[in-house]
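Read through the structure below, which is laid out as structure tokens, and then see the notes.
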Amino acid sequence: MKIVAQIKDPVNKEMELFESKFRDSMSSKVALLNRITYYIVNRKGKQMRPMFVFLTAKLLNNGEVNERTYRGASVIELIHTATLVHDDVVDESNKRRGFFSINALWKNKIAVLVGDYLLSKGLLLSIDNGDFDLLRIISVAVREMSEGELLQIEKARRLDITEEVYYNIIRQKTATLIAACCSMGACSVLPESGDVETFRKFGEYCGMAFQIKDDLFDYGEQKIGKPTGIDIKEQKMTLPLIHTLNTCSKSEKKWLINSVKNHNRDKKRVKEVIAFVKERGGLTYAEDKMHEFKKSAMDLLFTYPKSPYRDALELMVNYVVDRKK
């Protein structure tokens, strides 16, 4: 946790105030809804997304934030939470961060409605305050995330993903929300400035590196021990596998595709696929790409003068690629 505490340090005060504002933004006259949102708020994760919003705003605005920054962070967190609640229904997942998911406790129908409620609360928070520029940023992110998920489902059926399509999927599915956090932070203090686009790109590069790191965990790194092979079981085409498919022989490719399509529940076969991908340099290739995205993010960040906020964002980018889980 030490590194996360270091990242959070320059925005500690803002994050504390944000917590109460975020809780208020969820409130409803329906007791059941309040019970569920209370459950959600008390099981929050590291809250990296609001940190991105506040660090970007403070970096660009001499260490100051405003009410728009708090609203922007709340909108991001409301929308993000809505998508997680809906994801757990779609994935039929009963756990989230080690706790029971909303659908496990209150069933699918209520979980879908709670997700819809959070989504509408996020949109209304922007509309009621005339933050139409912030609303545009988050609406684009929601559209992209939906498209990315559907594109992944469509391609997984045929297993014909090129590297370019893979980057499109992860840009939309994962990177677009982190890009929205950073552009939201910039837009809250410097609307209509070039910094909004610069930080959108910065967040996108961070998100790309983050997702590739996630892909690598499936193949097991020394630090986390055994490979999991979950992505292979779910027929998810990730970068190490895509690179291997594009560089192996015709017969090897046939064996790989057959393994992922028809033998993804066979533990021995999944282990063989993981070993083959490692042997063919799939992991090294993916790691190199991850570091390229990290470098692109750093290059943008270093065009700004050094400050505690820039240092924290630099730590954040390093954390994305160095994290152990």
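Identifiers for the structure tokens are assigned positionally: chains receive A, B, ... in sequence, residues are indexed from 1 per chain, and ligands are indexed from 1 in the order shown.
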Practice prompt. Please provide as a list in words all residues within 12 Å of Phe276 in chain A, with the sequence filter that same-chain residues fewer than 3 positions apart are discarded (counting only C-alpha atoms).
Written response: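 The contact residues come out as Tyr219, Pro240, Leu241, His243, Thr244, Leu245, Thr247, Cys248, Glu252, Lys253, Trp255, Leu256, Ser259, Arg269, Val270, Lys271, Glu272, Val273, Glu279, Arg280, Gly281, Gly282 and Leu283 of chain A.
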Determine, using only C-alpha atoms, which residues of range 37-115 of chain A have any atom at most 12 Å from an atom of range 170-183 of chain A, and tabulate each with its shortest atom pair and distance in Å to one decimal place, rows ordered by chain and then rising number, as JSON lines.
```
{"residue": "A:Gln47", "atom": "CA", "partner": "A:Cys181", "partner_atom": "CA", "distance": 11.5}
{"residue": "A:Met48", "atom": "CA", "partner": "A:Ile178", "partner_atom": "CA", "distance": 9.1}
{"residue": "A:Arg49", "atom": "CA", "partner": "A:Cys181", "partner_atom": "CA", "distance": 6.1}
{"residue": "A:Pro50", "atom": "CA", "partner": "A:Cys181", "partner_atom": "CA", "distance": 7.1}
{"residue": "A:Met51", "atom": "CA", "partner": "A:Cys181", "partner_atom": "CA", "distance": 8.6}
{"residue": "A:Phe52", "atom": "CA", "partner": "A:Cys182", "partner_atom": "CA", "distance": 5.7}
{"residue": "A:Val53", "atom": "CA", "partner": "A:Cys181", "partner_atom": "CA", "distance": 5.1}
{"residue": "A:Phe54", "atom": "CA", "partner": "A:Cys182", "partner_atom": "CA", "distance": 8.6}
{"residue": "A:Leu55", "atom": "CA", "partner": "A:Cys182", "partner_atom": "CA", "distance": 8.4}
{"residue": "A:Thr56", "atom": "CA", "partner": "A:Cys182", "partner_atom": "CA", "distance": 6.0}
{"residue": "A:Ala57", "atom": "CA", "partner": "A:Cys182", "partner_atom": "CA", "distance": 8.2}
{"residue": "A:Lys58", "atom": "CA", "partner": "A:Cys182", "partner_atom": "CA", "distance": 11.2}
{"residue": "A:Leu59", "atom": "CA", "partner": "A:Cys182", "partner_atom": "CA", "distance": 10.9}
{"residue": "A:Leu60", "atom": "CA", "partner": "A:Cys182", "partner_atom": "CA", "distance": 11.0}
{"residue": "A:Thr69", "atom": "CA", "partner": "A:Cys181", "partner_atom": "CA", "distance": 10.3}
{"residue": "A:Tyr70", "atom": "CA", "partner": "A:Cys181", "partner_atom": "CA", "distance": 11.7}
{"residue": "A:Arg71", "atom": "CA", "partner": "A:Cys181", "partner_atom": "CA", "distance": 11.7}
{"residue": "A:Gly72", "atom": "CA", "partner": "A:Cys181", "partner_atom": "CA", "distance": 8.1}
{"residue": "A:Ala73", "atom": "CA", "partner": "A:Cys181", "partner_atom": "CA", "distance": 7.4}
{"residue": "A:Ser74", "atom": "CA", "partner": "A:Cys181", "partner_atom": "CA", "distance": 10.4}
{"residue": "A:Val75", "atom": "CA", "partner": "A:Cys181", "partner_atom": "CA", "distance": 9.6}
{"residue": "A:Ile76", "atom": "CA", "partner": "A:Cys181", "partner_atom": "CA", "distance": 6.7}
{"residue": "A:Glu77", "atom": "CA", "partner": "A:Cys181", "partner_atom": "CA", "distance": 9.4}
{"residue": "A:Ile79", "atom": "CA", "partner": "A:Leu177", "partner_atom": "CA", "distance": 9.5}
{"residue": "A:His80", "atom": "CA", "partner": "A:Leu177", "partner_atom": "CA", "distance": 8.0}
{"residue": "A:Thr81", "atom": "CA", "partner": "A:Leu177", "partner_atom": "CA", "distance": 11.8}
{"residue": "A:Thr83", "atom": "CA", "partner": "A:Leu177", "partner_atom": "CA", "distance": 10.8}
{"residue": "A:Asp87", "atom": "CA", "partner": "A:Lys173", "partner_atom": "CA", "distance": 11.8}
```
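Within 12 Å of Tyr319 in chain A, once only C-alpha atoms are used and residues closer than 2 positions along the same chain are dropped, the contacting residues are A:Met1, A:Lys2, A:Ile3, A:Val4, A:Ala5, A:Gln6, A:Ile7, A:Met48, A:Cys206, A:Gly207, A:Ala209, A:Phe210, A:Lys213, A:Lys294, A:Ala312, A:Leu313, A:Glu314, A:Leu315, A:Met316, A:Val317, A:Val321, A:Asp322, A:Arg323, A:Lys324, A:Lys325.
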Deliver the residues from the most recent selection as a file, using N, CA and C atoms, as an mmCIF file, in the first residue's frame.
```
data_model
loop_
_atom_site.group_PDB
_atom_site.id
_atom_site.type_symbol
_atom_site.label_atom_id
_atom_site.label_comp_id
_atom_site.auth_asym_id
_atom_site.auth_seq_id
_atom_site.Cartn_x
_atom_site.Cartn_y
_atom_site.Cartn_z
ATOM 1 N N MET A 1 0.827 -1.227 0.000
ATOM 2 C CA MET A 1 0.000 0.000 0.000
ATOM 3 C C MET A 1 0.849 1.259 0.000
ATOM 4 N N LYS A 2 2.114 1.116 0.379
ATOM 5 C CA LYS A 2 2.962 2.290 0.579
ATOM 6 C C LYS A 2 2.984 3.208 -0.647
ATOM 7 N N ILE A 3 3.123 2.610 -1.822
ATOM 8 C CA ILE A 3 3.210 3.414 -3.047
ATOM 9 C C ILE A 3 1.893 4.152 -3.308
ATOM 10 N N VAL A 4 0.761 3.497 -3.027
ATOM 11 C CA VAL A 4 -0.545 4.139 -3.238
ATOM 12 C C VAL A 4 -0.696 5.336 -2.291
ATOM 13 N N ALA A 5 -0.233 5.162 -1.050
ATOM 14 C CA ALA A 5 -0.284 6.263 -0.068
ATOM 15 C C ALA A 5 0.572 7.439 -0.538
ATOM 16 N N GLN A 6 1.714 7.131 -1.142
ATOM 17 C CA GLN A 6 2.605 8.186 -1.678
ATOM 18 C C GLN A 6 1.931 8.963 -2.816
ATOM 19 N N ILE A 7 1.256 8.220 -3.704
ATOM 20 C CA ILE A 7 0.552 8.850 -4.830
ATOM 21 C C ILE A 7 -0.556 9.764 -4.300
ATOM 22 N N MET A 48 -8.193 5.012 -7.622
ATOM 23 C CA MET A 48 -7.196 5.584 -8.530
ATOM 24 C C MET A 48 -7.819 6.627 -9.460
ATOM 25 N N CYS A 206 -1.628 5.617 -20.297
ATOM 26 C CA CYS A 206 -1.595 4.920 -18.995
ATOM 27 C C CYS A 206 -2.521 3.714 -19.021
ATOM 28 N N GLY A 207 -3.736 3.922 -19.546
ATOM 29 C CA GLY A 207 -4.736 2.854 -19.595
ATOM 30 C C GLY A 207 -4.307 1.693 -20.475
ATOM 31 N N ALA A 209 -1.168 0.776 -21.091
ATOM 32 C CA ALA A 209 -0.121 0.063 -20.344
ATOM 33 C C ALA A 209 -0.745 -0.789 -19.237
ATOM 34 N N PHE A 210 -1.756 -0.223 -18.562
ATOM 35 C CA PHE A 210 -2.457 -0.911 -17.464
ATOM 36 C C PHE A 210 -3.076 -2.221 -17.951
ATOM 37 N N LYS A 213 -0.531 -4.907 -18.848
ATOM 38 C CA LYS A 213 -0.024 -5.480 -17.597
ATOM 39 C C LYS A 213 -1.000 -6.546 -17.090
ATOM 40 N N LYS A 294 3.996 3.324 -21.733
ATOM 41 C CA LYS A 294 4.426 4.032 -20.512
ATOM 42 C C LYS A 294 5.312 5.222 -20.886
ATOM 43 N N ALA A 312 3.638 12.726 -8.331
ATOM 44 C CA ALA A 312 2.643 11.702 -7.971
ATOM 45 C C ALA A 312 2.114 10.999 -9.225
ATOM 46 N N LEU A 313 1.899 11.770 -10.303
ATOM 47 C CA LEU A 313 1.429 11.155 -11.555
ATOM 48 C C LEU A 313 2.511 10.253 -12.161
ATOM 49 N N GLU A 314 3.762 10.661 -12.006
ATOM 50 C CA GLU A 314 4.872 9.818 -12.476
ATOM 51 C C GLU A 314 4.893 8.502 -11.692
ATOM 52 N N LEU A 315 4.708 8.603 -10.374
ATOM 53 C CA LEU A 315 4.622 7.403 -9.525
ATOM 54 C C LEU A 315 3.468 6.511 -9.965
ATOM 55 N N MET A 316 2.351 7.162 -10.311
ATOM 56 C CA MET A 316 1.154 6.438 -10.752
ATOM 57 C C MET A 316 1.447 5.634 -12.019
ATOM 58 N N VAL A 317 2.113 6.258 -12.974
ATOM 59 C CA VAL A 317 2.423 5.562 -14.233
ATOM 60 C C VAL A 317 3.354 4.377 -13.952
ATOM 61 N N VAL A 321 2.687 -0.163 -14.282
ATOM 62 C CA VAL A 321 3.442 -1.237 -14.925
ATOM 63 C C VAL A 321 4.236 -2.111 -13.934
ATOM 64 N N ASP A 322 4.436 -1.618 -12.710
ATOM 65 C CA ASP A 322 5.226 -2.385 -11.739
ATOM 66 C C ASP A 322 4.374 -3.146 -10.726
ATOM 67 N N ARG A 323 3.051 -2.897 -10.730
ATOM 68 C CA ARG A 323 2.200 -3.497 -9.689
ATOM 69 C C ARG A 323 2.268 -5.028 -9.754
ATOM 70 N N LYS A 324 1.977 -5.631 -8.599
ATOM 71 C CA LYS A 324 2.107 -7.082 -8.487
ATOM 72 C C LYS A 324 0.773 -7.807 -8.592
ATOM 73 N N LYS A 325 -0.320 -7.019 -8.698
ATOM 74 C CA LYS A 325 -1.627 -7.705 -8.858
ATOM 75 C C LYS A 325 -2.621 -6.750 -9.502
#
```
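Counting only C-alpha atoms, the residue from A:Asn61, A:Tyr309, A:Leu151, A:Asn94 that sits nearest to Asn12 in chain A is A:Tyr309.
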Worksheet item: For the atom pair CA of Asp218 in chain A and CA of Tyr285 in chain A, what is the interatomic distance in Å to one decimal place?
Response: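 Separating CA of Asp218 in chain A from CA of Tyr285 in chain A is a distance of 14.9 Å.
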Worksheet item: Between CA of Leu125 in chain A and CA of Ser25 in chain A, what is the spacing in Å?
Response: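 If I compute the distance from CA of Ser25 in chain A to CA of Leu125 in chain A, I get 7.6 Å.
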